[in-house]
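The next block is entry25.pdb, given as PDB, C-alpha atoms and all ligand atoms.
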```
ATOM      1  CA  MET A 261       2.014  -5.913  19.149
ATOM      2  CA  SER A 262      -0.782  -4.075  17.393
ATOM      3  CA  GLU A 263      -3.926  -5.858  16.209
ATOM      4  CA  ARG A 264      -3.198  -5.064  12.604
ATOM      5  CA  ARG A 265      -2.460  -8.167  10.553
ATOM      6  CA  PRO A 266       1.084  -7.939   9.172
ATOM      7  CA  VAL A 267       1.666  -8.017   5.427
ATOM      8  CA  ILE A 268       4.834  -9.566   4.033
ATOM      9  CA  ALA A 269       5.125  -8.905   0.314
ATOM     10  CA  ALA A 270       7.672 -10.217  -2.182
ATOM     11  CA  ASN A 271       8.444  -7.651  -4.877
ATOM     12  CA  TRP A 272      10.200  -9.611  -7.569
ATOM     13  CA  LYS A 273      10.586  -6.580  -9.852
ATOM     14  CA  MET A 274      11.751  -7.678 -13.359
ATOM     15  CA  ASN A 275      12.949 -11.110 -12.256
ATOM     16  CA  LYS A 276      11.948 -14.745 -12.835
ATOM     17  CA  SER A 277      10.621 -16.599 -15.839
ATOM     18  CA  ILE A 278       7.280 -18.405 -15.663
ATOM     19  CA  GLU A 279       9.083 -21.658 -14.889
ATOM     20  CA  GLU A 280      11.192 -20.044 -12.156
ATOM     21  CA  ALA A 281       8.069 -18.488 -10.647
ATOM     22  CA  GLU A 282       6.456 -21.903 -10.369
ATOM     23  CA  GLU A 283       9.598 -23.435  -8.846
ATOM     24  CA  PHE A 284       9.713 -20.649  -6.265
ATOM     25  CA  CYS A 285       6.116 -21.304  -5.189
ATOM     26  CA  ASN A 286       6.724 -25.028  -4.883
ATOM     27  CA  ALA A 287       9.743 -24.350  -2.677
ATOM     28  CA  LEU A 288       8.046 -21.651  -0.589
ATOM     29  CA  LEU A 289       4.701 -23.221   0.303
ATOM     30  CA  PRO A 290       5.954 -26.091   2.484
ATOM     31  CA  ARG A 291       8.076 -23.599   4.437
ATOM     32  CA  ILE A 292       5.255 -21.273   5.472
ATOM     33  CA  CYS A 293       2.504 -23.316   7.095
ATOM     34  CA  ASP A 294       0.256 -21.662   9.717
ATOM     35  CA  VAL A 295       1.538 -18.136   9.282
ATOM     36  CA  GLY A 296      -0.281 -15.225  10.848
ATOM     37  CA  ALA A 297       0.826 -12.687   8.262
ATOM     38  CA  GLN A 298      -0.844 -11.934   4.958
ATOM     39  CA  VAL A 299       1.713 -13.176   2.442
ATOM     40  CA  VAL A 300       1.733 -11.535  -0.978
ATOM     41  CA  ILE A 301       3.864 -12.342  -4.027
ATOM     42  CA  CYS A 302       4.275  -9.648  -6.696
ATOM     43  CA  PRO A 303       5.628 -11.312  -9.852
ATOM     44  CA  PRO A 304       5.998  -9.711 -13.284
ATOM     45  CA  PHE A 305       2.666  -9.552 -15.171
ATOM     46  CA  LEU A 306       3.469 -12.576 -17.313
ATOM     47  CA  ALA A 307       3.904 -14.851 -14.286
ATOM     48  CA  LEU A 308       0.812 -13.610 -12.405
ATOM     49  CA  ASN A 309      -1.447 -16.419 -13.427
ATOM     50  CA  THR A 310       1.235 -19.055 -12.878
ATOM     51  CA  VAL A 311       1.733 -17.883  -9.287
ATOM     52  CA  VAL A 312      -2.052 -17.781  -8.758
ATOM     53  CA  GLU A 313      -2.346 -21.398  -9.936
ATOM     54  CA  ALA A 314       0.744 -22.575  -8.033
ATOM     55  CA  THR A 315      -0.489 -21.092  -4.739
ATOM     56  CA  LYS A 316      -4.175 -22.016  -5.079
ATOM     57  CA  GLY A 317      -5.804 -23.188  -1.869
ATOM     58  CA  GLY A 318      -2.932 -21.823   0.212
ATOM     59  CA  GLU A 319      -2.561 -18.612   2.154
ATOM     60  CA  VAL A 320      -0.520 -16.732  -0.423
ATOM     61  CA  GLU A 321      -2.067 -13.863  -2.364
ATOM     62  CA  VAL A 322      -0.818 -12.468  -5.630
ATOM     63  CA  ALA A 323      -0.216  -8.834  -6.566
ATOM     64  CA  ALA A 324       0.821  -6.981  -9.698
ATOM     65  CA  GLN A 325       3.596  -4.383  -9.674
ATOM     66  CA  ASN A 326       1.681  -1.620 -11.477
ATOM     67  CA  MET A 327      -1.708  -0.776 -12.999
ATOM     68  CA  HIS A 328      -3.259   1.929 -15.164
ATOM     69  CA  PHE A 329      -6.210   3.880 -13.754
ATOM     70  CA  GLU A 330      -8.369   3.785 -16.881
ATOM     71  CA  PRO A 331     -10.577   0.717 -17.376
ATOM     72  CA  ASP A 332      -9.593   0.214 -21.046
ATOM     73  CA  GLY A 333      -8.623   2.106 -24.179
ATOM     74  CA  ALA A 334      -5.652   3.280 -26.216
ATOM     75  CA  PHE A 335      -2.901   2.955 -23.593
ATOM     76  CA  THR A 336      -0.213   0.843 -25.223
ATOM     77  CA  GLY A 337       1.765  -1.255 -22.783
ATOM     78  CA  GLU A 338      -0.595  -0.686 -19.868
ATOM     79  CA  VAL A 339      -2.768  -3.061 -17.827
ATOM     80  CA  SER A 340      -6.100  -2.273 -16.132
ATOM     81  CA  ALA A 341      -7.492  -3.267 -12.746
ATOM     82  CA  ALA A 342     -10.024  -5.577 -14.410
ATOM     83  CA  MET A 343      -7.233  -7.349 -16.296
ATOM     84  CA  LEU A 344      -5.318  -7.942 -13.065
ATOM     85  CA  LEU A 345      -8.420  -9.373 -11.394
ATOM     86  CA  ASP A 346      -8.974 -11.529 -14.458
ATOM     87  CA  ALA A 347      -5.461 -12.972 -14.015
ATOM     88  CA  GLY A 348      -6.268 -13.740 -10.362
ATOM     89  CA  ALA A 349      -4.415 -10.880  -8.664
ATOM     90  CA  LEU A 350      -5.896  -9.531  -5.432
ATOM     91  CA  ALA A 351      -3.503  -6.654  -4.846
ATOM     92  CA  VAL A 352      -1.292  -4.201  -6.702
ATOM     93  CA  VAL A 353       1.889  -2.297  -5.850
ATOM     94  CA  LEU A 354       1.501   1.365  -6.797
ATOM     95  CA  GLY A 355       4.072   4.143  -6.909
ATOM     96  CA  HIS A 356       7.180   2.066  -6.291
ATOM     97  CA  SER A 357      10.184   4.423  -6.298
ATOM     98  CA  GLU A 358      11.595   2.696  -9.383
ATOM     99  CA  ARG A 359       8.389   3.557 -11.240
ATOM    100  CA  ARG A 360       8.533   7.106  -9.928
ATOM    101  CA  GLN A 361      12.225   7.601 -10.731
ATOM    102  CA  LEU A 362      12.706   5.601 -13.918
ATOM    103  CA  PHE A 363       9.280   5.618 -15.563
ATOM    104  CA  GLY A 364       7.818   9.016 -14.764
ATOM    105  CA  GLU A 365       5.112   7.884 -12.319
ATOM    106  CA  THR A 366       3.574  11.061 -10.883
ATOM    107  CA  ASP A 367       1.712  11.941  -7.701
ATOM    108  CA  GLU A 368      -1.212  12.937  -9.923
ATOM    109  CA  ALA A 369      -1.389   9.503 -11.603
ATOM    110  CA  LEU A 370      -1.145   7.828  -8.200
ATOM    111  CA  SER A 371      -4.006   9.942  -6.868
ATOM    112  CA  ARG A 372      -6.113   8.159  -9.502
ATOM    113  CA  LYS A 373      -4.599   4.701  -9.270
ATOM    114  CA  VAL A 374      -5.044   4.162  -5.518
ATOM    115  CA  PRO A 375      -8.840   4.758  -5.463
ATOM    116  CA  VAL A 376      -9.343   2.838  -8.735
ATOM    117  CA  ALA A 377      -7.610  -0.194  -7.218
ATOM    118  CA  LEU A 378      -9.887  -0.029  -4.168
ATOM    119  CA  GLU A 379     -13.046   0.452  -6.239
ATOM    120  CA  ASN A 380     -12.160  -2.652  -8.213
ATOM    121  CA  GLY A 381     -11.520  -4.741  -5.109
ATOM    122  CA  LEU A 382      -7.729  -4.806  -5.388
ATOM    123  CA  LEU A 383      -5.646  -4.147  -2.281
ATOM    124  CA  PRO A 384      -3.404  -1.161  -3.067
ATOM    125  CA  ILE A 385       0.157  -1.374  -1.698
ATOM    126  CA  PHE A 386       1.038   2.274  -2.112
ATOM    127  CA  CYS A 387       4.762   3.130  -1.868
ATOM    128  CA  VAL A 388       6.299   6.336  -0.586
ATOM    129  CA  GLY A 389       9.815   7.297   0.474
ATOM    130  CA  GLU A 390      12.488   9.957   0.351
ATOM    131  CA  SER A 391      15.816   9.995  -1.488
ATOM    132  CA  GLU A 392      19.157  10.179   0.309
ATOM    133  CA  GLU A 393      19.521  13.821  -0.690
ATOM    134  CA  GLU A 394      16.063  14.656   0.680
ATOM    135  CA  ARG A 395      16.861  12.944   3.971
ATOM    136  CA  GLU A 396      20.161  14.821   4.256
ATOM    137  CA  ARG A 397      18.334  18.111   3.640
ATOM    138  CA  ASP A 398      15.954  17.161   6.444
ATOM    139  CA  ASP A 399      13.123  17.065   3.937
ATOM    140  CA  THR A 400      11.858  13.547   4.733
ATOM    141  CA  ASP A 401       8.617  14.615   6.414
ATOM    142  CA  ARG A 402       7.776  17.136   3.715
ATOM    143  CA  VAL A 403       8.315  14.574   0.924
ATOM    144  CA  LEU A 404       6.310  11.901   2.733
ATOM    145  CA  ARG A 405       3.486  14.365   3.366
ATOM    146  CA  ARG A 406       3.351  15.357  -0.292
ATOM    147  CA  GLN A 407       3.340  11.743  -1.498
ATOM    148  CA  VAL A 408       0.813  10.506   1.058
ATOM    149  CA  ASP A 409      -1.525  13.481   0.583
ATOM    150  CA  ALA A 410      -1.482  13.003  -3.196
ATOM    151  CA  GLY A 411      -1.902   9.225  -3.227
ATOM    152  CA  LEU A 412      -4.765   9.253  -0.741
ATOM    153  CA  SER A 413      -6.425  12.487  -1.917
ATOM    154  CA  ARG A 414      -9.224  10.770  -3.845
ATOM    155  CA  VAL A 415      -9.735   7.896  -1.389
ATOM    156  CA  PRO A 416     -12.951   8.430   0.580
ATOM    157  CA  GLU A 417     -12.495   8.630   4.342
ATOM    158  CA  ALA A 418     -14.483   5.437   4.896
ATOM    159  CA  ARG A 419     -11.980   3.426   2.836
ATOM    160  CA  LEU A 420      -8.710   5.041   3.915
ATOM    161  CA  GLY A 421      -7.933   2.312   6.427
ATOM    162  CA  GLU A 422      -8.013  -0.351   3.703
ATOM    163  CA  VAL A 423      -4.970   1.020   1.883
ATOM    164  CA  VAL A 424      -1.582  -0.517   2.647
ATOM    165  CA  ILE A 425       1.275   1.994   2.601
ATOM    166  CA  ALA A 426       4.879   0.893   2.138
ATOM    167  CA  TYR A 427       7.512   3.266   3.470
ATOM    168  CA  GLU A 428      10.588   2.655   1.328
ATOM    169  CA  PRO A 429      13.455   5.111   1.721
ATOM    170  CA  ILE A 430      15.091   5.155  -1.709
ATOM    171  CA  TRP A 431      18.590   5.078  -0.206
ATOM    172  CA  ALA A 432      17.817   1.728   1.414
ATOM    173  CA  ILE A 433      16.412  -0.030  -1.668
ATOM    174  CA  GLY A 434      18.711  -2.642  -3.114
ATOM    175  CA  THR A 435      21.697  -1.047  -1.395
ATOM    176  CA  GLY A 436      22.093  -3.363   1.562
ATOM    177  CA  LYS A 437      21.764  -0.204   3.674
ATOM    178  CA  THR A 438      18.705  -0.765   5.847
ATOM    179  CA  ALA A 439      17.072   2.056   7.779
ATOM    180  CA  THR A 440      17.569   1.486  11.487
ATOM    181  CA  PRO A 441      14.442   0.182  13.211
ATOM    182  CA  GLU A 442      14.192   3.618  14.872
ATOM    183  CA  GLU A 443      14.375   5.501  11.561
ATOM    184  CA  ALA A 444      11.859   3.146   9.977
ATOM    185  CA  GLU A 445       9.494   3.370  12.932
ATOM    186  CA  ASP A 446       9.717   7.162  13.052
ATOM    187  CA  ALA A 447       8.785   7.472   9.392
ATOM    188  CA  CYS A 448       5.976   4.892   9.644
ATOM    189  CA  GLY A 449       4.634   6.693  12.718
ATOM    190  CA  PHE A 450       4.728   9.993  10.871
ATOM    191  CA  ILE A 451       2.818   8.480   7.941
ATOM    192  CA  ARG A 452       0.238   7.103  10.387
ATOM    193  CA  SER A 453      -0.179  10.564  11.896
ATOM    194  CA  LEU A 454      -0.919  11.944   8.420
ATOM    195  CA  VAL A 455      -3.682   9.372   7.948
ATOM    196  CA  SER A 456      -4.989   9.913  11.504
ATOM    197  CA  ALA A 457      -5.320  13.630  10.791
ATOM    198  CA  ARG A 458      -7.977  12.716   8.214
ATOM    199  CA  SER A 459      -9.549   9.882  10.211
ATOM    200  CA  GLU A 460      -8.491   8.631  13.621
ATOM    201  CA  ALA A 461     -10.039   5.209  12.930
ATOM    202  CA  ALA A 462      -8.241   4.897   9.592
ATOM    203  CA  GLY A 463      -4.958   5.839  11.249
ATOM    204  CA  GLN A 464      -5.402   2.978  13.683
ATOM    205  CA  ALA A 465      -6.437   0.501  10.988
ATOM    206  CA  ILE A 466      -4.084   1.309   8.137
ATOM    207  CA  ARG A 467      -1.139  -1.022   7.701
ATOM    208  CA  ILE A 468       2.223   0.610   7.102
ATOM    209  CA  LEU A 469       5.067  -1.575   5.862
ATOM    210  CA  TYR A 470       8.780  -0.950   5.746
ATOM    211  CA  GLY A 471      10.810  -1.765   2.627
ATOM    212  CA  GLY A 472      14.504  -1.399   1.829
ATOM    213  CA  SER A 473      17.080  -4.196   2.211
ATOM    214  CA  VAL A 474      14.890  -6.322   4.489
ATOM    215  CA  LYS A 475      16.628  -9.668   5.033
ATOM    216  CA  PRO A 476      16.208 -12.633   7.360
ATOM    217  CA  ALA A 477      18.889 -11.117   9.639
ATOM    218  CA  ASN A 478      17.109  -7.793  10.229
ATOM    219  CA  ALA A 479      13.447  -8.754   9.744
ATOM    220  CA  ALA A 480      12.564  -9.575  13.354
ATOM    221  CA  ASP A 481      13.992  -6.302  14.618
ATOM    222  CA  LEU A 482      12.038  -4.232  12.097
ATOM    223  CA  LEU A 483       8.829  -6.238  12.321
ATOM    224  CA  GLY A 484       8.842  -6.153  16.118
ATOM    225  CA  ARG A 485       8.218  -2.394  16.092
ATOM    226  CA  GLU A 486       4.756  -1.177  17.021
ATOM    227  CA  GLU A 487       4.444   1.161  14.024
ATOM    228  CA  ILE A 488       5.728  -1.305  11.416
ATOM    229  CA  ASP A 489       3.028  -3.634  10.123
ATOM    230  CA  GLY A 490       5.045  -5.708   7.718
ATOM    231  CA  ALA A 491       7.631  -5.582   4.958
ATOM    232  CA  LEU A 492       7.921  -5.108   1.223
ATOM    233  CA  VAL A 493      10.899  -7.238   0.280
ATOM    234  CA  GLY A 494      12.872  -6.967  -2.961
ATOM    235  CA  GLY A 495      16.191  -8.780  -3.299
ATOM    236  CA  ALA A 496      15.669 -11.237  -0.434
ATOM    237  CA  SER A 497      12.274 -12.237  -1.826
ATOM    238  CA  LEU A 498      13.853 -13.930  -4.830
ATOM    239  CA  ASP A 499      15.051 -16.819  -2.683
ATOM    240  CA  PRO A 500      12.284 -18.998  -1.207
ATOM    241  CA  GLY A 501      14.314 -19.824   1.917
ATOM    242  CA  ASP A 502      15.101 -16.192   2.687
ATOM    243  CA  PHE A 503      11.564 -15.042   1.977
ATOM    244  CA  ALA A 504      10.110 -17.818   4.134
ATOM    245  CA  ALA A 505      12.407 -16.784   7.001
ATOM    246  CA  ILE A 506      11.118 -13.213   6.755
ATOM    247  CA  VAL A 507       7.499 -14.434   6.687
ATOM    248  CA  MET A 508       8.128 -16.541   9.778
ATOM    249  CA  ALA A 509       9.643 -13.526  11.587
ATOM    250  CA  ALA A 510       6.370 -11.583  11.285
TER     251      ALA A 510
HETATM  252  P1  LIG B 601      15.159  -4.424  -1.601
HETATM  253  O1  LIG B 601      13.915  -3.800  -2.424
HETATM  254  O2  LIG B 601      14.561  -5.308  -0.533
HETATM  255  O3  LIG B 601      15.947  -5.181  -2.623
HETATM  256  O4  LIG B 601      15.890  -3.281  -1.015
HETATM  257  C1  LIG B 601      12.757  -3.354  -1.780
HETATM  258  C2  LIG B 601      11.795  -2.797  -2.790
HETATM  259  O5  LIG B 601      12.225  -2.146  -3.744
HETATM  260  O6  LIG B 601      10.568  -2.989  -2.682
END
```

If you took the structure in this file and wrote it as structure tokens, what would it be?
Ligand code: PGA
Amino acid sequence: MSERRPVIAANWKMNKSIEEAEEFCNALLPRICDVGAQVVICPPFLALNTVVEATKGGEVEVAAQNMHFEPDGAFTGEVSAAMLLDAGALAVVLGHSERRQLFGETDEALSRKVPVALENGLLPIFCVGESEEERERDDTDRVLRRQVDAGLSRVPEARLGEVVIAYEPIWAIGTGKTATPEEAEDACGFIRSLVSARSEAAGQAIRILYGGSVKPANAADLLGREEIDGALVGGASLDPGDFAAIVMAA
């Protein structure tokens, strides 16, 4: 086991009403007493404050699923770091593959978002990962290098180790097709080597999560790997029992 504190994050995506978010928290909290992991729930924007209030005083932290890099201005439909902090969020997911693929999120935008999150005191959970086609072409390392280099390019060396990176192979997201623990560990290890090339200390400190069809049945196997410092969980995070089981496996 490494000394890095695991992160187990629930990415609800576009799911749950405000009432359902509150019910989830009430069901989850009694199931996760005395956990070692940092537990993070990422609800839709509108339920952020509800989850903050429902988890107050506990160990759960709350994250948004996206953020704009500008502090304010004419950016219809966008939300700033200060607004997320105002709602009680402590972290933010950046560059999820669904944002990259469906909503035009670019490496360039992410190179601004990651440092802005850090500067504002939000923990960035920065997502990277290759498509099935890229893996089949043996392009996984090249894609990961491009995404990691871009997202971290404006992060000063002294703060690199504070970023959380989530390795999420696109072919494993929502498909029920999990990467094998070996595949996941290889990719996480490669990402760590990219960070270590800039700063050995940051490479040791940075937490690298795996995401893609993590479930109670496969969590322990994935989380037991030296290079895997936690999980970003989609589908299985919608059920408090399943998510609690994953938290307890960390
Ligand atoms: P999944 O989603 O667990 O449903 O595969 C993971 C994610 O998209 O973060």

task: Translate the PyMOL selection byres (((chain A and resi 368) around 10) and not hetatm), as applied to the file shown, into an explicit residue set as a list in words.
output: Glu365, Thr366, Asp367, Ala369, Leu370, Ser371, Arg372, Lys373, Gln407, Ala410, Gly411 and Ser413 of chain A

Using only the atoms of ligand LIG 601 (chain B) listed in the file, plus 3 Å on each side, state the axis-aligned box centre and edge lengths in Å rounded to one decimal, as AutoDock Vina command-line options.
```
--center_x 13.3 --center_y -3.7 --center_z -2.1 --size_x 11.4 --size_y 9.2 --size_z 9.2
```

field: Nearest candidate to Phe503 (chain A) (options A:Pro476, A:Tyr470, A:Glu486, A:Asp409; using all atoms listed in the file)
entry: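 For Phe503 (chain A), the nearest of the given residues is A:Pro476.
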
- request: Starting from the displayed file, determine the output of the PyMOL selection byres (((not hetatm)) within 9 of (chain B and resi 601)) and express the residue list as a VMD selection string.
  value: chain A and resid 269 to 273 356 to 358 387 426 428 430 to 438 470 to 475 491 to 497

Evaluate the PyMOL selection byres (((chain A and resi 386) around 10) and not hetatm) on the structure here and hand back the selected residues as a JSON list (two decimals) with C-alpha atoms, in the coordinates of the input.
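Once written, expr.json looks like this:
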```json
[["chain", "number", "residue", "atom", "x", "y", "z"],
["A", 352, "VAL", "CA", -1.29, -4.20, -6.70],
["A", 353, "VAL", "CA", 1.89, -2.30, -5.85],
["A", 354, "LEU", "CA", 1.50, 1.36, -6.80],
["A", 355, "GLY", "CA", 4.07, 4.14, -6.91],
["A", 356, "HIS", "CA", 7.18, 2.07, -6.29],
["A", 370, "LEU", "CA", -1.14, 7.83, -8.20],
["A", 373, "LYS", "CA", -4.60, 4.70, -9.27],
["A", 374, "VAL", "CA", -5.04, 4.16, -5.52],
["A", 383, "LEU", "CA", -5.65, -4.15, -2.28],
["A", 384, "PRO", "CA", -3.40, -1.16, -3.07],
["A", 385, "ILE", "CA", 0.16, -1.37, -1.70],
["A", 387, "CYS", "CA", 4.76, 3.13, -1.87],
["A", 388, "VAL", "CA", 6.30, 6.34, -0.59],
["A", 407, "GLN", "CA", 3.34, 11.74, -1.50],
["A", 408, "VAL", "CA", 0.81, 10.51, 1.06],
["A", 411, "GLY", "CA", -1.90, 9.22, -3.23],
["A", 412, "LEU", "CA", -4.76, 9.25, -0.74],
["A", 423, "VAL", "CA", -4.97, 1.02, 1.88],
["A", 424, "VAL", "CA", -1.58, -0.52, 2.65],
["A", 425, "ILE", "CA", 1.27, 1.99, 2.60],
["A", 426, "ALA", "CA", 4.88, 0.89, 2.14],
["A", 427, "TYR", "CA", 7.51, 3.27, 3.47],
["A", 468, "ILE", "CA", 2.22, 0.61, 7.10],
["A", 469, "LEU", "CA", 5.07, -1.58, 5.86]]
```

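Between Val312 (chain A) and the candidates A:Ala349, A:Ile506, A:Ala287, A:Ile292, the tightest atom-to-atom separation, counting all atoms listed in the file, involves A:Ala349.
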
For region 385-398 of chain A, supply N, CA, C and O atoms and report the output as a short mmCIF file (atom, residue, chain, number, x, y, z; two decimals), in the frame of the given file.
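Wrote result25.cif, looks like this:
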```cif
data_model
loop_
_atom_site.label_atom_id
_atom_site.label_comp_id
_atom_site.auth_asym_id
_atom_site.auth_seq_id
_atom_site.Cartn_x
_atom_site.Cartn_y
_atom_site.Cartn_z
N ILE A 385 -1.06 -1.49 -2.52
CA ILE A 385 0.16 -1.37 -1.70
C ILE A 385 0.89 -0.16 -2.25
O ILE A 385 1.58 -0.22 -3.27
N PHE A 386 0.65 0.96 -1.60
CA PHE A 386 1.04 2.27 -2.11
C PHE A 386 2.38 2.68 -1.50
O PHE A 386 2.51 2.77 -0.28
N CYS A 387 3.39 2.90 -2.36
CA CYS A 387 4.76 3.13 -1.87
C CYS A 387 5.11 4.62 -1.81
O CYS A 387 4.78 5.37 -2.73
N VAL A 388 5.79 4.97 -0.76
CA VAL A 388 6.30 6.34 -0.59
C VAL A 388 7.72 6.24 -0.02
O VAL A 388 8.10 5.19 0.51
N GLY A 389 8.47 7.33 -0.11
CA GLY A 389 9.82 7.30 0.47
C GLY A 389 10.69 8.40 -0.09
O GLY A 389 10.52 8.81 -1.24
N GLU A 390 11.63 8.84 0.73
CA GLU A 390 12.49 9.96 0.35
C GLU A 390 13.81 9.46 -0.21
O GLU A 390 14.25 8.35 0.09
N SER A 391 14.48 10.31 -0.98
CA SER A 391 15.82 9.99 -1.49
C SER A 391 16.84 10.32 -0.40
O SER A 391 16.53 10.97 0.60
N GLU A 392 18.08 9.91 -0.64
CA GLU A 392 19.16 10.18 0.31
C GLU A 392 19.36 11.70 0.46
O GLU A 392 19.50 12.23 1.56
N GLU A 393 19.33 12.37 -0.68
CA GLU A 393 19.52 13.82 -0.69
C GLU A 393 18.42 14.51 0.12
O GLU A 393 18.67 15.44 0.90
N GLU A 394 17.19 14.05 -0.06
CA GLU A 394 16.06 14.66 0.68
C GLU A 394 16.21 14.41 2.18
O GLU A 394 15.93 15.29 2.99
N ARG A 395 16.66 13.22 2.54
CA ARG A 395 16.86 12.94 3.97
C ARG A 395 17.96 13.85 4.53
O ARG A 395 17.82 14.41 5.60
N GLU A 396 19.05 13.98 3.76
CA GLU A 396 20.16 14.82 4.26
C GLU A 396 19.74 16.28 4.41
O GLU A 396 20.22 16.97 5.29
N ARG A 397 18.84 16.72 3.55
CA ARG A 397 18.33 18.11 3.64
C ARG A 397 17.28 18.26 4.73
O ARG A 397 16.66 19.30 4.87
N ASP A 398 16.97 17.15 5.41
CA ASP A 398 15.95 17.16 6.44
C ASP A 398 14.55 17.38 5.86
O ASP A 398 13.69 17.99 6.48
#
```
